[in-house]
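**Q** Dropping in work07.txt, with compact mmCIF, C-alpha atoms.
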# COMPACT_ATOMS: atom_id res chain seq x y z
CA MET A 193 -1.11 -26.32 197.84
CA LEU A 194 -0.21 -24.83 194.47
CA ASN A 195 0.77 -21.56 196.13
CA ASN A 196 3.15 -23.41 198.46
CA ILE A 197 4.77 -25.26 195.57
CA VAL A 198 5.29 -21.99 193.69
CA GLN A 199 6.79 -20.31 196.75
CA GLU A 200 9.15 -23.20 197.44
CA ASN A 201 10.35 -23.37 193.82
CA LEU A 202 10.20 -19.67 192.91
CA ASP A 203 13.94 -19.55 192.21
CA PHE A 204 13.70 -22.40 189.69
CA ILE A 205 10.59 -20.90 188.09
CA ALA A 206 12.38 -17.57 187.69
CA PHE A 207 15.38 -19.40 186.22
CA VAL A 208 13.28 -21.19 183.58
CA ALA A 209 11.33 -18.00 182.84
CA ALA A 210 14.62 -16.16 182.20
CA LEU A 211 15.73 -18.86 179.73
CA ILE A 212 12.39 -18.76 177.91
CA ALA A 213 12.31 -14.95 177.82
CA GLU A 214 15.82 -14.76 176.40
CA ARG A 215 14.93 -17.30 173.75
CA PHE A 216 11.66 -15.80 172.56
CA PHE A 217 11.83 -12.17 173.72
CA PRO A 218 15.48 -11.06 173.44
CA LEU A 219 16.22 -7.40 174.08
CA VAL A 220 17.22 -5.32 171.08
CA SER A 221 20.84 -4.16 171.40
CA LEU A 222 19.71 -0.53 171.14
CA TYR A 223 17.86 -0.85 174.47
CA HIS A 224 20.11 -3.39 176.16
CA PRO A 225 22.11 -2.25 179.23
CA ASN A 226 25.13 -4.06 177.81
CA THR A 227 25.36 -1.47 175.04
CA VAL A 228 25.73 1.36 177.56
CA LEU A 229 28.13 -0.64 179.73
CA THR A 230 30.31 -1.53 176.75
CA ALA A 231 30.59 2.15 175.82
CA ILE A 232 31.54 3.02 179.42
CA PHE A 233 34.16 0.28 179.64
CA ASN A 234 35.57 1.30 176.27
CA ALA A 235 35.95 4.90 177.46
CA ILE A 236 37.67 3.73 180.66
CA GLY A 237 40.07 1.57 178.66
CA ARG A 238 41.02 4.41 176.34
CA ARG A 239 41.59 6.66 179.33
CA VAL A 240 44.01 4.43 181.22
CA TYR A 241 45.71 2.48 178.40
CA LYS A 242 49.18 3.86 177.68
CA PRO A 243 51.00 1.54 175.25
CA ALA A 244 54.38 3.19 175.88
CA GLU A 245 54.28 2.50 179.63
CA PRO A 246 56.12 -0.50 181.16
CA LYS A 247 54.52 -3.86 181.75
CA SER A 248 54.03 -3.26 185.49
CA TYR A 249 51.98 -0.12 184.79
CA LEU A 250 49.80 -1.92 182.24
CA TYR A 251 49.10 -4.75 184.69
CA LEU A 252 48.16 -2.37 187.50
CA ALA A 253 46.16 0.01 185.29
CA SER A 254 44.08 -2.75 183.72
CA SER A 255 43.44 -4.43 187.09
CA LEU A 256 42.20 -1.20 188.68
CA ALA A 257 40.23 -0.14 185.60
CA CYS A 258 38.52 -3.52 185.66
CA MET A 259 37.88 -3.94 189.38
CA LEU A 260 36.70 -0.47 190.34
CA PRO A 261 33.61 -0.22 188.06
CA LEU A 262 32.96 -3.93 188.59
CA SER A 263 32.92 -3.48 192.37
CA ILE A 264 30.50 -0.56 192.20
CA ILE A 265 28.01 -2.45 190.03
CA LEU A 266 28.22 -5.63 192.12
CA ILE A 267 27.80 -3.78 195.43
CA ILE A 268 24.65 -2.06 194.13
CA THR A 269 23.30 -5.38 192.82
CA THR A 270 24.02 -7.17 196.11
CA LEU A 271 22.19 -4.48 198.08
CA LEU A 272 19.19 -4.67 195.73
CA LEU A 273 19.04 -8.45 196.17
CA GLU A 274 19.39 -8.09 199.93
CA PHE A 275 16.44 -5.72 200.29
CA ALA A 276 14.23 -7.03 197.46
CA PHE A 277 10.86 -8.47 198.49
CA TYR A 278 11.25 -11.26 195.91
CA PRO A 279 15.02 -11.69 195.35
CA GLU A 280 14.35 -14.79 193.24
CA LEU A 281 12.55 -12.70 190.61
CA LEU A 282 15.36 -10.14 190.60
CA SER A 283 17.85 -12.99 190.17
CA GLY A 284 15.85 -14.17 187.16
CA LEU A 285 15.95 -10.67 185.70
CA ILE A 286 19.73 -10.53 186.16
CA LEU A 287 20.10 -13.88 184.40
CA TYR A 288 17.88 -12.67 181.54
CA LEU A 289 20.07 -9.59 181.05
CA CYS A 290 23.28 -11.64 181.21
CA LEU A 291 22.23 -14.22 178.62
CA GLU A 292 22.79 -13.68 174.92
CA SER A 293 22.29 -16.37 172.29
CA LYS A 294 19.18 -15.74 170.20
CA ALA A 295 20.45 -12.42 168.86
CA ILE A 296 23.74 -14.06 167.84
CA ASP A 297 21.88 -16.88 166.09
CA LYS A 298 19.76 -14.42 164.10
CA LYS A 299 22.77 -12.39 163.02
CA ALA A 300 24.71 -15.52 162.06
CA LEU A 301 21.86 -16.76 159.85
CA ARG A 302 21.60 -13.35 158.21
CA ILE A 303 25.34 -13.20 157.46
CA ALA A 304 25.22 -16.74 156.03
CA LYS A 305 22.33 -15.72 153.77
CA LEU A 306 24.28 -12.68 152.53
CA THR A 307 27.28 -14.81 151.61
CA ARG A 308 25.00 -17.12 149.60
CA GLN A 309 23.84 -14.03 147.70
CA ASN A 310 27.47 -13.00 147.17
CA GLN A 311 26.99 -9.79 149.20
CA LYS A 312 30.37 -10.06 150.88
CA SER A 313 30.78 -6.38 151.76
CA THR A 314 27.48 -6.30 153.66
CA ALA A 315 28.30 -9.59 155.35
CA ARG A 316 31.64 -8.17 156.50
CA GLU A 317 29.92 -5.10 157.96
CA LEU A 318 27.55 -7.27 159.98
CA LEU A 319 30.38 -9.57 161.07
CA SER A 320 32.72 -6.80 162.20
CA PRO A 321 30.96 -6.03 165.55
CA LEU A 322 31.18 -9.71 166.50
CA LEU A 323 34.96 -9.84 166.12
CA ALA A 324 38.03 -7.99 167.30
CA ARG A 325 39.97 -9.01 164.18
CA GLU A 326 40.06 -7.28 160.80
CA VAL A 327 37.40 -8.49 158.37
CA ASN A 328 37.80 -6.18 155.37
CA LYS A 329 39.93 -8.68 153.41
CA LEU A 330 38.15 -11.90 154.32
CA SER A 331 37.03 -14.18 151.49
CA THR A 332 33.64 -15.90 151.52
CA SER A 333 35.07 -18.98 153.26
CA GLY A 334 36.99 -16.72 155.65
CA ILE A 335 33.79 -14.87 156.56
CA ILE A 336 31.97 -18.12 157.30
CA LYS A 337 34.87 -19.57 159.29
CA ALA A 338 35.21 -16.42 161.42
CA LEU A 339 31.42 -16.33 161.85
CA ILE A 340 31.25 -19.94 163.03
CA GLU A 341 34.11 -19.46 165.51
CA SER A 342 32.45 -16.34 166.91
CA LEU A 343 29.07 -18.10 167.06
CA ILE A 344 30.52 -21.04 169.01
CA LEU A 345 32.61 -19.01 171.45
CA ARG A 346 30.01 -16.30 172.09
CA THR A 347 27.28 -18.88 172.66
CA ALA A 348 29.55 -20.73 175.06
CA ARG A 349 30.56 -17.64 177.04
CA ASN A 350 27.34 -15.65 176.92
CA TYR A 351 25.01 -18.58 177.55
CA PHE A 352 26.51 -21.82 178.86
CA VAL A 353 29.17 -20.35 181.14
CA VAL A 354 26.74 -17.74 182.49
CA ILE A 355 24.21 -20.45 183.39
CA PHE A 356 26.91 -22.66 184.90
CA ILE A 357 28.09 -19.87 187.20
CA PHE A 358 24.53 -18.79 188.01
CA ILE A 359 23.60 -22.28 189.20
CA LEU A 360 26.76 -22.85 191.22
CA LEU A 361 27.50 -19.38 192.63
CA GLY A 362 24.36 -17.29 192.16
CA PRO A 363 23.30 -14.18 190.23
CA VAL A 364 26.00 -11.82 191.53
CA ALA A 365 28.78 -14.16 190.36
CA ALA A 366 27.08 -14.62 186.97
CA LEU A 367 26.76 -10.85 186.60
CA ALA A 368 30.43 -10.39 187.56
CA TYR A 369 31.51 -12.86 184.87
CA ARG A 370 29.29 -11.24 182.23
CA LEU A 371 30.70 -7.81 183.07
CA LEU A 372 34.24 -9.18 182.70
CA THR A 373 33.41 -10.46 179.22
CA LEU A 374 31.95 -7.05 178.32
CA ILE A 375 35.12 -5.33 179.54
CA GLN A 376 37.29 -7.65 177.47
CA GLN A 377 35.10 -7.12 174.42
CA ALA A 378 35.21 -3.33 174.84
CA TRP A 379 38.97 -3.18 175.32
CA ARG A 380 39.84 -5.55 172.48
CA ALA A 381 38.18 -3.18 170.03
CA ASP A 382 41.16 -0.80 170.38
CA ILE A 383 43.95 -2.89 171.92
CA SER A 384 46.07 -5.63 170.34
CA PRO A 385 45.33 -9.11 171.74
CA ASN A 386 48.97 -9.64 172.79
CA SER A 387 49.09 -6.44 174.87
CA TYR A 388 50.11 -6.78 178.53
CA PHE A 389 47.13 -4.57 179.34
CA LEU A 390 44.77 -7.46 178.60
CA GLN A 391 46.72 -10.17 180.43
CA PRO A 392 45.12 -9.89 183.93
CA LEU A 393 41.64 -10.07 182.41
CA LYS A 394 42.61 -13.06 180.25
CA ILE A 395 43.92 -14.95 183.28
CA ILE A 396 40.75 -14.31 185.31
CA LEU A 397 38.46 -15.41 182.48
CA PHE A 398 40.59 -18.46 181.74
CA VAL A 399 40.22 -19.70 185.32
CA ILE A 400 36.47 -19.04 185.41
CA GLU A 401 35.83 -20.74 182.05
CA PHE A 402 38.12 -23.71 182.62
CA ILE A 403 35.47 -26.24 183.69
CA PRO A 404 32.28 -25.09 181.86
CA MET A 405 34.01 -24.69 178.48
CA ARG A 406 35.42 -28.20 178.72
CA LEU A 407 32.06 -29.63 179.79
CA LEU A 408 30.44 -28.05 176.75
CA ALA A 409 33.22 -29.37 174.50
CA LEU A 410 32.71 -32.90 175.81
CA THR A 411 28.93 -32.57 175.39
CA ILE A 412 29.33 -31.61 171.73
CA ALA A 413 31.94 -34.33 171.25
CA ALA A 414 29.51 -36.93 172.62
CA THR A 415 26.88 -36.12 169.97
CA LYS A 416 29.03 -37.12 166.98
CA ALA A 417 32.57 -38.19 166.07
CA SER A 418 33.56 -38.71 169.69
CA LYS A 419 36.89 -40.45 168.98
CA GLN A 420 37.93 -37.83 166.44
CA SER A 421 36.90 -35.05 168.82
CA ILE A 422 39.14 -36.46 171.55
CA HIS A 423 41.96 -36.81 169.02
CA TYR A 424 41.51 -33.19 167.91
CA ILE A 425 41.47 -31.97 171.51
CA ARG A 426 44.74 -33.78 172.18
CA HIS A 427 46.36 -32.78 168.91
CA TYR A 428 45.08 -29.19 168.54
CA GLY A 429 43.18 -28.06 171.62
CA ARG A 430 45.98 -28.48 174.14
CA HIS A 431 48.34 -26.43 171.96
CA PHE A 432 45.91 -23.68 170.91
CA TYR A 433 46.65 -20.06 171.84
CA GLN A 434 43.97 -20.37 174.54
CA THR A 435 43.26 -23.91 175.67
CA ASN A 436 39.66 -23.28 176.76
CA SER A 437 38.80 -22.07 173.27
CA GLY A 438 41.04 -24.77 171.81
CA TRP A 439 39.08 -27.56 173.49
CA LEU A 440 35.75 -26.21 172.29
CA LEU A 441 36.80 -25.38 168.72
CA SER A 442 38.57 -28.75 168.39
CA ALA A 443 35.48 -30.65 169.51
CA CYS A 444 33.29 -28.60 167.16
CA SER A 445 35.69 -29.02 164.22
CA ALA A 446 35.62 -32.80 164.57
CA SER A 447 31.89 -32.98 165.25
CA PHE A 448 30.91 -30.70 162.36
CA GLY A 449 33.57 -31.99 159.95
CA VAL A 450 34.94 -28.55 159.06
CA GLN A 451 38.25 -26.75 159.45
CA LEU A 452 38.44 -23.94 162.00
CA GLY A 453 41.11 -21.58 163.30
CA GLY A 454 43.94 -20.20 161.20
CA PRO A 455 45.82 -16.88 160.86
CA ALA A 456 44.06 -13.60 161.65
CA PHE A 457 44.92 -9.91 161.36
CA TYR A 458 44.63 -7.52 164.29
CA PHE A 459 45.43 -3.83 163.73
CA GLY A 460 47.49 -4.64 160.65
CA THR A 461 49.51 -7.42 162.31
CA ARG A 462 49.21 -11.05 161.30
CA PHE A 463 48.79 -13.55 164.14
CA ASN A 464 49.58 -17.12 163.11
CA LYS A 465 46.92 -18.99 165.02
CA MET A 466 46.77 -22.74 164.66
CA ARG A 467 44.47 -24.31 162.09
CA ILE A 468 42.22 -26.96 163.60
CA GLY A 469 41.40 -30.01 161.53
CA THR A 470 42.16 -31.18 158.01
CA ASP A 471 38.57 -31.26 156.78
CA ARG A 472 36.91 -28.99 154.24
CA LEU A 473 36.39 -25.29 154.75
CA PRO A 474 32.95 -24.41 156.18
CA THR A 475 30.18 -23.05 153.98
CA ALA A 476 27.08 -20.97 154.63
CA ASP A 477 25.00 -24.16 154.77
CA ASP A 478 26.94 -25.26 157.87
CA VAL A 479 25.75 -22.29 159.96
CA PRO A 480 22.15 -23.51 160.63
CA LEU A 481 23.49 -27.02 161.31
CA ILE A 482 25.89 -25.68 163.93
CA ILE A 483 23.14 -23.58 165.54
CA ASN A 484 20.98 -26.72 165.67
CA ARG A 485 23.80 -28.67 167.35
CA LEU A 486 24.29 -25.94 169.93
CA ASN A 487 20.53 -25.95 170.57
CA GLN A 488 20.73 -29.70 171.19
CA ALA A 489 23.40 -29.07 173.83
CA ARG A 490 21.11 -26.44 175.40
CA VAL A 491 18.20 -28.88 175.57
CA PHE A 492 20.40 -31.62 177.02
CA TRP A 493 21.67 -29.47 179.89
CA LEU A 494 18.21 -28.01 180.50
CA LEU A 495 16.83 -31.54 180.90
CA VAL A 496 19.68 -32.35 183.30
CA MET A 497 18.89 -29.28 185.41
CA VAL A 498 15.14 -30.02 185.44
CA SER A 499 15.84 -33.61 186.50
CA VAL A 500 18.06 -32.44 189.36
CA GLU A 501 15.37 -30.00 190.52
CA ILE A 502 12.70 -32.72 190.43
CA LEU A 503 14.94 -35.01 192.50
CA LYS A 504 15.34 -32.22 195.05
CA VAL A 505 11.56 -31.87 195.37
CA ILE A 506 11.09 -35.63 195.74
Could you write out this structure as structure tokens?

**A**
Amino acid sequence: MLNNIVQENLDFIAFVAALIAERFFPLVSLYHPNTVLTAIFNAIGRRVYKPAEPKSYLYLASSLACMLPLSIILIITTLLLEFAFYPELLSGLILYLCLESKAIDKKALRIAKLTRQNQKSTARELLSPLLAREVNKLSTSGIIKALIESLILRTARNYFVVIFIFILLGPVAALAYRLLTLIQQAWRADISPNSYFLQPLKIILFVIEFIPMRLLALTIAATKASKQSIHYIRHYGRHFYQTNSGWLLSACSASFGVQLGGPAFYFGTRFNKMRIGTDRLPTADDVPLIINRLNQARVFWLLVMVSVEILKVI
């Protein structure tokens, strides 16, 4: 009886096991496959990116540089799933490798602690790998604001969106999305955010993230300051440089009662991004509160998924 139940629900068991493993046993970045893949994608980007070339070349070059390695990895993964004796367990392993939230939480708490101790230079060094923007001139409040924005957006993309795609479309689609985010992260380290080279990738990710990012924004808005969150989304989110991020940051700004967004420097150039909210600037004490709020959203959606699975069994 028990064996039959396990066999029938092995995919859900593997799914829950992947979530638990990522939470309590996250891989160190030194041993994570993403570290190797990021280095490979970065090398490919440097090879094909020619800033002096026309827009048409940049579009074509970035599309091919993105799709060719992506296709190879996905074909290999599909074949492994096809011939695996327990594809559900392999799917769980893929989800585990795609998820990333606990490591970000730990680093965020460490950076917040350093700012409390007035160790701004060390905090900037730890923050730099999380961002594509320049951090060497950030003040204490600027460090915390950039940290909170990165924490929110990375948790959304590397956790919530991955799970959303995994449930709806399966492990191969979730892996494809995660690889696209790694490619964008690798290329943005050396390429200005307004470059035509990045436009095809931005469009693809915008379409993929459209629904899950908004669902997460509405979930956070529902926990506190719902009316203000909706007002911020209408006033700021719809006019942000990227509306998916705008929705989420607007909801978080209203819910947490802090100001987010604002100008940023990339490769010596100032980009006048919109400031979100008129509240106070965030402090280091806000970081654990925001992590706790994001954890509440995780628990809520996990309970929803467990309830749906129980209804299926019944």

**Q** List every residue of region 226-335 of chain A that has an atom at most 8 Å from any atom of region 443-459 of chain A, and for each one report the closest atom pair and its distance in Å to one decimal, counting all atoms listed in the file, with rows sorted by chain and then by increasing residue number, as CSV.

**A**
residue,atom,partner,partner_atom,distance
A:Ala324,CA,A:Tyr458,CA,7.3
A:Arg325,CA,A:Tyr458,CA,4.9
A:Glu326,CA,A:Phe457,CA,5.6

**Q** Quick one, how far is CA of Val491 (chain A) from CA of Thr415 (chain A)?

**A**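 Between CA of Val491 (chain A) and CA of Thr415 (chain A) the gap works out to 12.6 Å.
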
**Q** Considering only C-alpha atoms, can you say which of A:Tyr433, A:Phe389, A:Trp493, A:Tyr428 comes closest to Leu250 (chain A)?

**A**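 The shortest atom-to-atom distance to Leu250 (chain A) comes from A:Phe389.
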
**Q** Counting all atoms listed in the file, which of A:Asp297, A:Glu341, A:Glu401, A:Glu317 gets nearest to Pro480 (chain A)?

**A**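 For Pro480 (chain A), the nearest of the candidates is A:Asp297.
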
**Q** For Leu262 (chain A), which residue out of A:Leu282, A:Ile375, A:Arg349, A:Leu330 is the nearest one, using only C-alpha atoms?

**A** A:Ile375

**Q** Check the smallest atom-to-atom distance from each of A:Leu495, A:Val353, A:Pro218, A:Ile340 to Leu481 (chain A) using all atoms listed in the file, then report the winner.

**A**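 Comparing A:Leu495, A:Val353, A:Pro218, A:Ile340 against Leu481 (chain A), the winner is A:Ile340.
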
**Q** One decimal, Å: what's the distance from CA of Leu360 (chain A) over to CA of Met497 (chain A), could you say?

**A**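 Answer for the CA of Leu360 (chain A) to CA of Met497 (chain A) separation: 11.7 Å.
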
**Q** With only C-alpha atoms as the basis for distance, which of A:Ile395, A:Ile303, A:Leu285, A:Ile483 is at the shortest distance from Thr332 (chain A)?

**A**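 Closest candidate: A:Ile303.
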
**Q** Mind pulling up the distance from CA of Glu280 (chain A) to CA of Val220 (chain A)?

**A** 24.3 Å

**Q** For Ala381 (chain A), find every residue with an atom within 12 Å (counting all atoms listed in the file), except residues of its own chain fewer than 5 positions away, and show them as a PDB file with C-alpha atoms, in the coordinates of the input.

**A**
ATOM      1  CA  THR A 230      30.310  -1.530 176.750  1.00  0.00           C
ATOM      2  CA  ALA A 231      30.590   2.150 175.820  1.00  0.00           C
ATOM      3  CA  PHE A 233      34.160   0.280 179.640  1.00  0.00           C
ATOM      4  CA  ASN A 234      35.570   1.300 176.270  1.00  0.00           C
ATOM      5  CA  ALA A 235      35.950   4.900 177.460  1.00  0.00           C
ATOM      6  CA  GLY A 237      40.070   1.570 178.660  1.00  0.00           C
ATOM      7  CA  ARG A 238      41.020   4.410 176.340  1.00  0.00           C
ATOM      8  CA  SER A 320      32.720  -6.800 162.200  1.00  0.00           C
ATOM      9  CA  PRO A 321      30.960  -6.030 165.550  1.00  0.00           C
ATOM     10  CA  LEU A 322      31.180  -9.710 166.500  1.00  0.00           C
ATOM     11  CA  LEU A 323      34.960  -9.840 166.120  1.00  0.00           C
ATOM     12  CA  ALA A 324      38.030  -7.990 167.300  1.00  0.00           C
ATOM     13  CA  ARG A 325      39.970  -9.010 164.180  1.00  0.00           C
ATOM     14  CA  GLU A 326      40.060  -7.280 160.800  1.00  0.00           C
ATOM     15  CA  LEU A 374      31.950  -7.050 178.320  1.00  0.00           C
ATOM     16  CA  ILE A 375      35.120  -5.330 179.540  1.00  0.00           C
ATOM     17  CA  GLN A 376      37.290  -7.650 177.470  1.00  0.00           C
ATOM     18  CA  LEU A 390      44.770  -7.460 178.600  1.00  0.00           C
ATOM     19  CA  TYR A 458      44.630  -7.520 164.290  1.00  0.00           C
ATOM     20  CA  PHE A 459      45.430  -3.830 163.730  1.00  0.00           C
TER      21      PHE A 459
END

**Q** Need the shell around Phe432 (chain A): protein/DNA/RNA residues with any atom at most 12 Å away, counting all atoms listed in the file. Skip same-chain ones fewer than 2 positions apart. Format as an NGL selection string?

**A** :A and (424-430 or 434-442 or 452-454 or 464-468)

**Q** Of the candidates A:Asn487, A:Leu211, A:Tyr369, A:Phe358, which shows the shortest atom-to-atom distance to Val399 (chain A), using only C-alpha atoms?

**A** A:Tyr369

**Q** Draw an axis-aligned box over all listed atoms of region 276-289 of chain A, pad each side with 5 Å, and write its centre and edge lengths in Å, one decimal, as lines of an AutoDock Vina configuration file.

**A**
center_x = 15.5
center_y = -10.9
center_z = 189.8
size_x = 19.2
size_y = 17.8
size_z = 27.4

**Q** Write out as a list in words the residues lying within 10 Å of Ser254 (chain A), counting all atoms listed in the file and excluding same-chain residues fewer than 6 positions away.

**A**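 Counting only the stated atoms, we get Ile236, Gly237, Val240, Tyr241, Trp379, Tyr388, Phe389, Leu390, Gln391, Pro392 and Leu393 of chain A.
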